[in-house]
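A.B. asks: Coordinates in work31.pdb, PDB, C-alpha atoms, are listed below.
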```
ATOM      1  CA  MET A   1     -13.983   2.738 -19.327
ATOM      2  CA  TYR A   2     -14.486   5.919 -17.352
ATOM      3  CA  PHE A   3     -18.025   4.841 -16.462
ATOM      4  CA  GLN A   4     -16.902   1.993 -14.199
ATOM      5  CA  PHE A   5     -14.389   4.201 -12.426
ATOM      6  CA  ALA A   6     -16.926   7.004 -12.129
ATOM      7  CA  ASN A   7     -19.050   4.523 -10.180
ATOM      8  CA  VAL A   8     -16.212   4.195  -7.681
ATOM      9  CA  ILE A   9     -15.943   7.959  -7.256
ATOM     10  CA  VAL A  10     -19.724   8.229  -6.818
ATOM     11  CA  PHE A  11     -19.562   5.563  -4.106
ATOM     12  CA  PHE A  12     -16.784   7.465  -2.324
ATOM     13  CA  LEU A  13     -18.715  10.721  -2.521
ATOM     14  CA  LEU A  14     -21.910   9.044  -1.300
ATOM     15  CA  ALA A  15     -20.040   7.550   1.635
ATOM     16  CA  PHE A  16     -18.601  10.921   2.641
ATOM     17  CA  VAL A  17     -21.863  12.798   2.139
ATOM     18  CA  LEU A  18     -23.946  10.221   4.019
ATOM     19  CA  CYS A  19     -21.507  10.033   6.932
ATOM     20  CA  GLY A  20     -21.302  13.814   7.125
ATOM     21  CA  LEU A  21     -25.076  14.136   6.897
ATOM     22  CA  MET A  22     -25.773  11.594   9.617
ATOM     23  CA  MET A  23     -23.125  12.861  12.009
ATOM     24  CA  GLY A  24     -24.025  16.492  11.294
ATOM     25  CA  LEU A  25     -27.727  15.884  11.874
ATOM     26  CA  GLY A  26     -26.936  13.952  15.026
ATOM     27  CA  MET A  27     -24.781  16.795  16.274
ATOM     28  CA  LEU A  28     -27.603  19.265  15.668
ATOM     29  CA  LEU A  29     -30.352  17.174  17.258
ATOM     30  CA  ARG A  30     -28.799  15.489  20.274
ATOM     31  CA  PRO A  31     -28.418  17.136  23.674
ATOM     32  CA  ALA A  32     -24.788  17.462  24.747
ATOM     33  CA  ASN A  33     -24.109  16.586  28.369
ATOM     34  CA  PRO A  34     -21.058  14.321  28.411
ATOM     35  CA  SER A  35     -19.910  12.401  31.438
ATOM     36  CA  PRO A  36     -16.722  10.337  31.951
ATOM     37  CA  GLY A  37     -18.709   7.137  31.679
ATOM     38  CA  LYS A  38     -20.144   8.175  28.318
ATOM     39  CA  LEU A  39     -16.777   9.232  26.966
ATOM     40  CA  THR A  40     -15.023   5.909  27.566
ATOM     41  CA  THR A  41     -14.179   3.725  24.596
ATOM     42  CA  TYR A  42     -16.788   1.041  23.987
ATOM     43  CA  GLU A  43     -15.235  -2.404  24.370
ATOM     44  CA  CYS A  44     -18.269  -4.700  24.362
ATOM     45  CA  GLY A  45     -19.503  -3.274  27.641
ATOM     46  CA  GLU A  46     -16.307  -4.052  29.544
ATOM     47  CA  PRO A  47     -14.260  -1.240  31.088
ATOM     48  CA  PRO A  48     -11.477  -0.615  28.553
ATOM     49  CA  SER A  49      -8.046  -1.855  29.572
ATOM     50  CA  GLY A  50      -4.934  -0.150  28.274
ATOM     51  CA  PRO A  51      -4.533   2.189  25.309
ATOM     52  CA  ALA A  52      -5.634   1.280  21.795
ATOM     53  CA  TRP A  53      -2.235   2.155  20.342
ATOM     54  CA  ILE A  54      -0.054  -0.694  21.467
ATOM     55  CA  ASN A  55       3.129  -2.067  19.993
ATOM     56  CA  PHE A  56       2.205  -4.838  17.619
ATOM     57  CA  ASN A  57       4.022  -8.105  17.429
ATOM     58  CA  ILE A  58       6.839  -7.879  14.872
ATOM     59  CA  ARG A  59       5.372 -11.014  13.228
ATOM     60  CA  PHE A  60       2.716  -8.764  11.682
ATOM     61  CA  TYR A  61       5.434  -6.735   9.991
ATOM     62  CA  LEU A  62       7.119  -9.798   8.544
ATOM     63  CA  ILE A  63       3.860 -11.212   7.209
ATOM     64  CA  ALA A  64       2.949  -7.812   5.694
ATOM     65  CA  LEU A  65       6.393  -7.659   4.069
ATOM     66  CA  VAL A  66       5.918 -11.051   2.437
ATOM     67  CA  PHE A  67       2.401 -10.028   1.434
ATOM     68  CA  VAL A  68       3.678  -6.924  -0.391
ATOM     69  CA  ILE A  69       6.095  -9.032  -2.443
ATOM     70  CA  PHE A  70       3.364 -11.430  -3.525
ATOM     71  CA  ASP A  71       1.059  -8.471  -4.141
ATOM     72  CA  VAL A  72       3.559  -7.179  -6.703
ATOM     73  CA  GLU A  73       3.825 -10.675  -8.163
ATOM     74  CA  LEU A  74       0.044 -10.671  -8.633
ATOM     75  CA  ALA A  75       0.258  -7.303 -10.396
ATOM     76  CA  PHE A  76       2.732  -8.831 -12.859
ATOM     77  CA  VAL A  77       0.844 -12.060 -13.412
ATOM     78  CA  TYR A  78      -2.605 -10.529 -13.891
ATOM     79  CA  PRO A  79      -2.053  -8.892 -17.328
ATOM     80  CA  VAL A  80      -0.573 -12.134 -18.644
ATOM     81  CA  VAL A  81      -3.653 -14.008 -17.485
ATOM     82  CA  THR A  82      -5.881 -11.698 -19.536
ATOM     83  CA  VAL A  83      -4.069 -12.610 -22.772
ATOM     84  CA  PHE A  84      -3.560 -16.289 -21.968
ATOM     85  CA  ARG A  85      -6.731 -17.515 -23.717
ATOM     86  CA  ASP A  86      -5.699 -15.815 -26.954
ATOM     87  CA  TRP A  87      -2.250 -17.369 -26.768
ATOM     88  CA  ILE A  88      -3.847 -20.803 -26.417
ATOM     89  CA  ALA A  89      -6.030 -20.041 -29.446
ATOM     90  CA  ARG A  90      -2.886 -19.165 -31.378
ATOM     91  CA  GLY A  91      -1.283 -22.457 -30.317
ATOM     92  CA  GLN A  92       1.360 -20.729 -28.183
ATOM     93  CA  GLY A  93      -0.200 -21.580 -24.854
ATOM     94  CA  VAL A  94       2.745 -23.698 -23.744
ATOM     95  CA  LEU A  95       5.157 -20.804 -24.304
ATOM     96  CA  ALA A  96       3.041 -18.407 -22.231
ATOM     97  CA  LEU A  97       2.593 -21.049 -19.557
ATOM     98  CA  ALA A  98       6.349 -21.623 -19.456
ATOM     99  CA  GLU A  99       7.041 -17.905 -19.052
ATOM    100  CA  ILE A 100       4.514 -17.583 -16.243
ATOM    101  CA  ALA A 101       5.734 -20.789 -14.606
ATOM    102  CA  THR A 102       9.307 -19.464 -14.648
ATOM    103  CA  PHE A 103       8.179 -16.212 -13.058
ATOM    104  CA  VAL A 104       6.121 -17.882 -10.348
ATOM    105  CA  GLY A 105       8.714 -20.622  -9.879
ATOM    106  CA  ILE A 106      11.524 -18.176  -9.145
ATOM    107  CA  LEU A 107       9.369 -16.473  -6.529
ATOM    108  CA  ALA A 108       8.303 -19.826  -5.120
ATOM    109  CA  VAL A 109      11.954 -20.326  -4.168
ATOM    110  CA  GLY A 110      11.569 -17.364  -1.826
ATOM    111  CA  LEU A 111       8.381 -18.788  -0.389
ATOM    112  CA  VAL A 112      10.082 -22.135   0.193
ATOM    113  CA  TYR A 113      13.011 -20.320   1.831
ATOM    114  CA  ILE A 114      10.930 -18.411   4.368
ATOM    115  CA  TRP A 115       8.712 -21.430   4.926
ATOM    116  CA  ALA A 116      11.687 -23.707   5.601
ATOM    117  CA  LYS A 117      13.273 -21.101   7.873
ATOM    118  CA  GLY A 118      10.085 -21.014   9.931
ATOM    119  CA  ASP A 119       9.325 -17.344   9.383
ATOM    120  CA  LEU A 120       5.748 -18.088   8.440
ATOM    121  CA  GLU A 121       4.997 -19.874  11.676
ATOM    122  CA  TRP A 122       3.107 -17.526  13.918
ATOM    123  CA  LEU A 123       4.802 -18.773  17.059
ATOM    124  CA  LYS A 124       8.371 -19.237  15.995
ATOM    125  CA  ARG A 125      10.163 -22.021  17.802
ATOM    126  CA  LEU A 126      13.031 -20.671  19.807
ATOM    127  CA  PRO A 127      16.179 -22.759  19.827
ATOM    128  CA  VAL A 128      15.927 -24.089  23.367
ATOM    129  CA  GLU A 129      16.902 -27.500  24.609
ATOM    130  CA  ALA A 130      14.033 -28.471  26.920
ATOM    131  CA  PRO A 131      10.523 -28.639  25.422
ATOM    132  CA  GLU A 132       8.935 -27.466  28.713
ATOM    133  CA  VAL A 133      10.804 -24.175  28.528
ATOM    134  CA  SER A 134       9.713 -23.770  24.958
ATOM    135  CA  ALA A 135       6.071 -24.304  25.894
ATOM    136  CA  SER A 136       6.202 -21.738  28.674
ATOM    137  CA  ARG A 137       7.901 -19.241  26.395
ATOM    138  CA  ARG A 138       5.265 -19.761  23.801
ATOM    139  CA  ALA A 139       2.567 -19.049  26.350
ATOM    140  CA  ALA A 140       4.375 -15.816  27.223
TER     141      ALA A 140
ATOM    142  CA  MET B   1     -14.572  17.713 -21.039
ATOM    143  CA  SER B   2     -15.235  20.155 -18.236
ATOM    144  CA  ILE B   3     -16.399  17.345 -15.951
ATOM    145  CA  THR B   4     -12.977  15.728 -16.406
ATOM    146  CA  VAL B   5     -11.346  18.964 -15.315
ATOM    147  CA  ALA B   6     -13.680  19.174 -12.315
ATOM    148  CA  VAL B   7     -12.846  15.585 -11.322
ATOM    149  CA  PHE B   8      -9.146  16.368 -11.760
ATOM    150  CA  TYR B   9      -9.359  19.321  -9.384
ATOM    151  CA  LEU B  10     -11.338  17.248  -6.878
ATOM    152  CA  LEU B  11      -8.700  14.506  -6.973
ATOM    153  CA  ALA B  12      -5.873  17.025  -6.805
ATOM    154  CA  ALA B  13      -7.483  18.620  -3.761
ATOM    155  CA  VAL B  14      -7.792  15.220  -2.046
ATOM    156  CA  THR B  15      -4.199  14.294  -2.910
ATOM    157  CA  VAL B  16      -2.590  17.579  -1.901
ATOM    158  CA  GLY B  17      -4.826  17.971   1.158
ATOM    159  CA  SER B  18      -3.976  14.574   2.568
ATOM    160  CA  ALA B  19      -0.306  15.088   1.692
ATOM    161  CA  LEU B  20      -0.437  18.230   3.830
ATOM    162  CA  GLY B  21      -2.047  16.077   6.499
ATOM    163  CA  VAL B  22       0.895  13.675   6.304
ATOM    164  CA  ALA B  23       3.339  16.534   6.701
ATOM    165  CA  PHE B  24       1.580  18.485   9.431
ATOM    166  CA  ALA B  25      -0.101  15.826  11.575
ATOM    167  CA  ASN B  26       1.307  15.809  15.082
ATOM    168  CA  SER B  27       0.828  12.101  15.566
ATOM    169  CA  ILE B  28       2.738   9.707  13.321
ATOM    170  CA  VAL B  29      -0.320   7.425  13.295
ATOM    171  CA  TYR B  30      -2.459  10.192  11.800
ATOM    172  CA  SER B  31       0.310  10.813   9.251
ATOM    173  CA  ALA B  32       0.200   7.179   8.183
ATOM    174  CA  PHE B  33      -3.587   7.277   7.816
ATOM    175  CA  ALA B  34      -3.470  10.544   5.861
ATOM    176  CA  LEU B  35      -1.051   8.853   3.476
ATOM    177  CA  MET B  36      -3.972   6.683   2.370
ATOM    178  CA  GLY B  37      -5.734   9.727   0.914
ATOM    179  CA  THR B  38      -2.606  10.688  -1.015
ATOM    180  CA  LEU B  39      -2.111   7.217  -2.456
ATOM    181  CA  LEU B  40      -5.805   6.883  -3.341
ATOM    182  CA  GLY B  41      -5.702  10.276  -5.049
ATOM    183  CA  VAL B  42      -2.666   9.269  -7.098
ATOM    184  CA  ALA B  43      -4.382   5.995  -8.084
ATOM    185  CA  ALA B  44      -7.464   7.902  -9.237
ATOM    186  CA  MET B  45      -5.192  10.315 -11.122
ATOM    187  CA  PHE B  46      -3.658   7.391 -13.042
ATOM    188  CA  VAL B  47      -7.140   6.236 -13.979
ATOM    189  CA  LEU B  48      -8.063   9.736 -15.101
ATOM    190  CA  LEU B  49      -5.015   9.719 -17.400
ATOM    191  CA  GLY B  50      -6.243   6.484 -19.017
ATOM    192  CA  ALA B  51      -3.800   4.161 -17.239
ATOM    193  CA  ASP B  52      -6.437   1.974 -15.656
ATOM    194  CA  PHE B  53      -4.189  -0.990 -14.900
ATOM    195  CA  LEU B  54      -1.576   1.228 -13.288
ATOM    196  CA  GLY B  55      -4.276   2.842 -11.153
ATOM    197  CA  VAL B  56      -5.564  -0.488  -9.913
ATOM    198  CA  VAL B  57      -2.020  -1.701  -9.247
ATOM    199  CA  GLN B  58      -1.367   1.491  -7.287
ATOM    200  CA  LEU B  59      -4.471   0.694  -5.245
ATOM    201  CA  LEU B  60      -3.532  -2.956  -4.800
ATOM    202  CA  VAL B  61       0.138  -2.550  -3.981
ATOM    203  CA  TYR B  62       0.411   0.858  -2.329
ATOM    204  CA  VAL B  63      -2.906   1.180  -0.511
ATOM    205  CA  GLY B  64      -3.335  -2.540   0.111
ATOM    206  CA  GLY B  65       0.264  -3.467   0.824
ATOM    207  CA  ILE B  66       2.738  -0.657   1.436
ATOM    208  CA  LEU B  67       0.322   1.336   3.585
ATOM    209  CA  VAL B  68      -0.440  -1.691   5.782
ATOM    210  CA  LEU B  69       3.308  -2.227   6.079
ATOM    211  CA  THR B  70       3.782   1.435   7.037
ATOM    212  CA  LEU B  71       1.057   1.179   9.666
ATOM    213  CA  PHE B  72       2.645  -1.917  11.159
ATOM    214  CA  ALA B  73       6.010  -0.148  11.176
ATOM    215  CA  VAL B  74       4.396   2.826  12.936
ATOM    216  CA  MET B  75       2.781   0.563  15.480
ATOM    217  CA  LEU B  76       6.162  -1.056  16.108
ATOM    218  CA  THR B  77       7.760   2.239  17.117
ATOM    219  CA  HIS B  78       8.169   2.668  20.826
ATOM    220  CA  ARG B  79       5.782   4.921  22.727
ATOM    221  CA  ILE B  80       3.793   6.094  19.741
ATOM    222  CA  SER B  81       1.415   8.431  21.507
ATOM    223  CA  ASP B  82       3.382  10.257  24.192
ATOM    224  CA  VAL B  83       6.486  11.133  22.170
ATOM    225  CA  ASN B  84       6.260  13.928  19.638
ATOM    226  CA  VAL B  85       7.860  11.955  16.831
ATOM    227  CA  SER B  86       8.935  14.848  14.687
ATOM    228  CA  ASN B  87      12.284  16.169  13.672
ATOM    229  CA  ARG B  88      13.011  19.019  16.044
ATOM    230  CA  ALA B  89      16.729  19.162  15.280
ATOM    231  CA  VAL B  90      16.082  21.667  12.480
ATOM    232  CA  GLY B  91      13.703  24.533  13.133
ATOM    233  CA  ARG B  92      10.731  25.527  11.012
ATOM    234  CA  LEU B  93      12.399  28.428   9.199
ATOM    235  CA  PRO B  94      15.250  26.426   7.594
ATOM    236  CA  GLY B  95      12.695  23.784   6.715
ATOM    237  CA  PHE B  96      10.479  26.310   4.941
ATOM    238  CA  VAL B  97      13.480  27.785   3.110
ATOM    239  CA  LEU B  98      14.575  24.339   1.947
ATOM    240  CA  VAL B  99      11.053  23.421   0.807
ATOM    241  CA  ALA B 100      10.685  26.766  -0.992
ATOM    242  CA  VAL B 101      13.981  26.286  -2.843
ATOM    243  CA  VAL B 102      13.087  22.731  -3.891
ATOM    244  CA  PHE B 103       9.595  23.831  -4.918
ATOM    245  CA  GLY B 104      10.923  26.709  -7.005
ATOM    246  CA  TRP B 105      13.445  24.426  -8.637
ATOM    247  CA  MET B 106      10.765  21.858  -9.489
ATOM    248  CA  VAL B 107       8.489  24.553 -10.933
ATOM    249  CA  HIS B 108      11.425  25.766 -13.018
ATOM    250  CA  VAL B 109      12.146  22.252 -14.268
ATOM    251  CA  ALA B 110       8.478  21.611 -15.039
ATOM    252  CA  GLY B 111       8.271  24.897 -16.900
ATOM    253  CA  SER B 112      11.418  24.436 -18.954
ATOM    254  CA  ALA B 113      10.975  20.749 -19.760
ATOM    255  CA  ARG B 114       9.965  19.820 -23.266
ATOM    256  CA  TRP B 115       6.811  17.804 -22.690
ATOM    257  CA  VAL B 116       5.622  15.421 -25.353
ATOM    258  CA  MET B 117       2.128  16.601 -26.164
ATOM    259  CA  LYS B 118      -0.306  13.942 -27.326
ATOM    260  CA  ALA B 119      -3.923  14.329 -28.291
ATOM    261  CA  PRO B 120      -5.984  12.366 -25.765
ATOM    262  CA  GLY B 121      -7.651   9.432 -27.440
ATOM    263  CA  ALA B 122     -10.630   7.512 -26.156
ATOM    264  CA  PRO B 123      -9.643   5.774 -22.911
ATOM    265  CA  ALA B 124      -9.326   2.065 -23.503
ATOM    266  CA  PRO B 125      -8.428  -0.784 -21.141
ATOM    267  CA  THR B 126      -4.648  -1.205 -21.077
ATOM    268  CA  THR B 127      -4.312  -4.563 -19.337
ATOM    269  CA  TYR B 128      -4.402  -6.621 -22.531
ATOM    270  CA  GLY B 129      -1.606  -4.665 -24.147
ATOM    271  CA  ILE B 130       0.536  -4.906 -21.024
ATOM    272  CA  GLY B 131       0.040  -8.670 -20.951
ATOM    273  CA  GLU B 132       1.036  -9.009 -24.606
ATOM    274  CA  ALA B 133       4.117  -6.850 -24.056
ATOM    275  CA  LEU B 134       5.155  -8.830 -20.973
ATOM    276  CA  LEU B 135       5.038 -12.092 -22.901
ATOM    277  CA  THR B 136       6.753 -10.923 -26.092
ATOM    278  CA  GLN B 137       8.802  -7.732 -26.112
ATOM    279  CA  TYR B 138       9.524  -7.532 -22.391
ATOM    280  CA  ALA B 139       9.783 -11.244 -21.609
ATOM    281  CA  LEU B 140      13.308 -10.958 -20.206
ATOM    282  CA  PRO B 141      12.609  -7.940 -17.959
ATOM    283  CA  PHE B 142       9.495  -9.801 -16.828
ATOM    284  CA  GLU B 143      11.544 -12.766 -15.672
ATOM    285  CA  VAL B 144      14.255 -10.531 -14.216
ATOM    286  CA  ALA B 145      11.555  -8.776 -12.203
ATOM    287  CA  SER B 146      10.809 -12.051 -10.449
ATOM    288  CA  ILE B 147      14.485 -12.379  -9.476
ATOM    289  CA  VAL B 148      14.433  -8.797  -8.151
ATOM    290  CA  LEU B 149      11.319  -9.624  -6.146
ATOM    291  CA  LEU B 150      12.967 -12.784  -4.851
ATOM    292  CA  ALA B 151      16.012 -10.804  -3.706
ATOM    293  CA  ALA B 152      13.744  -8.215  -2.055
ATOM    294  CA  LEU B 153      11.758 -10.941  -0.307
ATOM    295  CA  ILE B 154      14.757 -12.792   1.084
ATOM    296  CA  GLY B 155      16.636  -9.607   1.954
ATOM    297  CA  ALA B 156      13.688  -8.059   3.789
ATOM    298  CA  VAL B 157      13.013 -11.236   5.737
ATOM    299  CA  VAL B 158      16.665 -11.624   6.718
ATOM    300  CA  VAL B 159      16.930  -7.994   7.854
ATOM    301  CA  SER B 160      13.722  -8.032   9.881
ATOM    302  CA  ARG B 161      14.603 -11.393  11.411
ATOM    303  CA  LYS B 162      17.846  -9.926  12.741
ATOM    304  CA  GLU B 163      15.815  -7.168  14.345
ATOM    305  CA  VAL B 164      13.718  -9.792  16.100
ATOM    306  CA  LYS B 165      16.771 -11.415  17.641
ATOM    307  CA  GLY B 166      18.564  -8.170  18.484
TER     308      GLY B 166
END
```
What do you get writing this file as structure tokens?

C.D. replies:
Amino acid sequence: MYFQFANVIVFFLLAFVLCGLMMGLGMLLRPANPSPGKLTTYECGEPPSGPAWINFNIRFYLIALVFVIFDVELAFVYPVVTVFRDWIARGQGVLALAEIATFVGILAVGLVYIWAKGDLEWLKRLPVEAPEVSASRRAA
Amino acid sequence: MSITVAVFYLLAAVTVGSALGVAFANSIVYSAFALMGTLLGVAAMFVLLGADFLGVVQLLVYVGGILVLTLFAVMLTHRISDVNVSNRAVGRLPGFVLVAVVFGWMVHVAGSARWVMKAPGAPAPTTYGIGEALLTQYALPFEVASIVLLAALIGAVVVSRKEVKG
């Protein structure tokens, strides 16, 4: 079992060593005469506009929050999936399926809740009376 | 066995080093990124102890989920770069004293605790056993966990939605 995980560590080490080697060699070989134009952030050739650290939309936070919950759900479901074939072979597949279906079903209630409340929509509709106002707000 | 010890010290160095980075970084964004090294180190430590499933879950949930959430939370704070977001209400000296007291206490507890010593067996995949246990012995906690997750999901969404409106 350790062999597979040792591969991961070797990959990490290789990544660090290669990056360090390339950047270190580059630092040794290149001439250093910086100018303001050279030091600007590269944004596809355009002059950069604004800082890189901006305030994200709070939608990102909500989506990440929901993602974490379903991430944990996946962590619970995965070990059951590994034994599922053996449970079918033992003739208890329906029982295992029922347990998993209960687990996923209870969480699906949450998904239905946030879906119905419109939290998953990227541009949440604001409760306004005139549709024109809503369209202009969405553009903003 | 000595290579295991060497790997342990490497992982410990990565974990503790990036934890120091979290504590001492001046920018909260750098703190959040340094947290990735700590969480990765802990995940690798789980694997080294033979808990492969726990290590992968640590990677999946903490590095893949919680850390992204933390980064979004950091990016939501106002004026990230030009404010020194650090607690200046208490000076460094009381902080060091507090940390030293807690550290000494934890060392004392670790030294006086009666640890269950177990001869390390050959590391085997643990996922199958966890799956069996979840379906038989721990079926009820397994289902209760989904209700806890449901409550967390709805609660978190409700709280963050109020923040949007307010």

A.B. asks: Pull out every residue of chain B that has at least one atom within 8 Å of chain A, counting all atoms listed in the file, and report them as a ChimeraX atom specification.

C.D. replies: /B:47-48,57,60-61,65-66,68-69,72-73,75-81,123-125,127-128,130-132,134-135,139,142-143,146-147,149-150,152-154,156-157,160,164

A.B. asks: Between CA of Leu14 in chain A and CA of Leu59 in chain B, measure the distance and give it in Å to one decimal.

C.D. replies: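 For CA of Leu14 in chain A relative to CA of Leu59 in chain B, the distance reads 19.7 Å.
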
A.B. asks: Could you tell me which residues the PyMOL selection byres ((chain B and resi 27-42) around 8) returns for this structure, as JSON, numbers by chain?

C.D. replies: {"B": [11, 12, 14, 15, 16, 17, 18, 19, 21, 22, 23, 24, 25, 26, 43, 44, 45, 46, 55, 58, 59, 62, 63, 67, 70, 71, 74, 75, 80, 81, 84, 85]}

A.B. asks: Print the selection's residues with C-alpha atoms to a file, as a PDB file, keeping the file's coordinate frame.

C.D. replies:
```pdb
ATOM      1  CA  LEU B  11      -8.700  14.506  -6.973  1.00  0.00           C
ATOM      2  CA  ALA B  12      -5.873  17.025  -6.805  1.00  0.00           C
ATOM      3  CA  VAL B  14      -7.792  15.220  -2.046  1.00  0.00           C
ATOM      4  CA  THR B  15      -4.199  14.294  -2.910  1.00  0.00           C
ATOM      5  CA  VAL B  16      -2.590  17.579  -1.901  1.00  0.00           C
ATOM      6  CA  GLY B  17      -4.826  17.971   1.158  1.00  0.00           C
ATOM      7  CA  SER B  18      -3.976  14.574   2.568  1.00  0.00           C
ATOM      8  CA  ALA B  19      -0.306  15.088   1.692  1.00  0.00           C
ATOM      9  CA  GLY B  21      -2.047  16.077   6.499  1.00  0.00           C
ATOM     10  CA  VAL B  22       0.895  13.675   6.304  1.00  0.00           C
ATOM     11  CA  ALA B  23       3.339  16.534   6.701  1.00  0.00           C
ATOM     12  CA  PHE B  24       1.580  18.485   9.431  1.00  0.00           C
ATOM     13  CA  ALA B  25      -0.101  15.826  11.575  1.00  0.00           C
ATOM     14  CA  ASN B  26       1.307  15.809  15.082  1.00  0.00           C
ATOM     15  CA  ALA B  43      -4.382   5.995  -8.084  1.00  0.00           C
ATOM     16  CA  ALA B  44      -7.464   7.902  -9.237  1.00  0.00           C
ATOM     17  CA  MET B  45      -5.192  10.315 -11.122  1.00  0.00           C
ATOM     18  CA  PHE B  46      -3.658   7.391 -13.042  1.00  0.00           C
ATOM     19  CA  GLY B  55      -4.276   2.842 -11.153  1.00  0.00           C
ATOM     20  CA  GLN B  58      -1.367   1.491  -7.287  1.00  0.00           C
ATOM     21  CA  LEU B  59      -4.471   0.694  -5.245  1.00  0.00           C
ATOM     22  CA  TYR B  62       0.411   0.858  -2.329  1.00  0.00           C
ATOM     23  CA  VAL B  63      -2.906   1.180  -0.511  1.00  0.00           C
ATOM     24  CA  LEU B  67       0.322   1.336   3.585  1.00  0.00           C
ATOM     25  CA  THR B  70       3.782   1.435   7.037  1.00  0.00           C
ATOM     26  CA  LEU B  71       1.057   1.179   9.666  1.00  0.00           C
ATOM     27  CA  VAL B  74       4.396   2.826  12.936  1.00  0.00           C
ATOM     28  CA  MET B  75       2.781   0.563  15.480  1.00  0.00           C
ATOM     29  CA  ILE B  80       3.793   6.094  19.741  1.00  0.00           C
ATOM     30  CA  SER B  81       1.415   8.431  21.507  1.00  0.00           C
ATOM     31  CA  ASN B  84       6.260  13.928  19.638  1.00  0.00           C
ATOM     32  CA  VAL B  85       7.860  11.955  16.831  1.00  0.00           C
TER      33      VAL B  85
END
```

A.B. asks: What is the CA of Leu98 in chain B to CA of Ala13 in chain B distance in Å?

C.D. replies: 23.5 Å

A.B. asks: Please indicate the distance in Å from CA of Gln4 in chain A to CA of Val17 in chain A, rounded to one decimal place.

C.D. replies: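 We find that CA of Gln4 in chain A and CA of Val17 in chain A lie 20.2 Å from each other.
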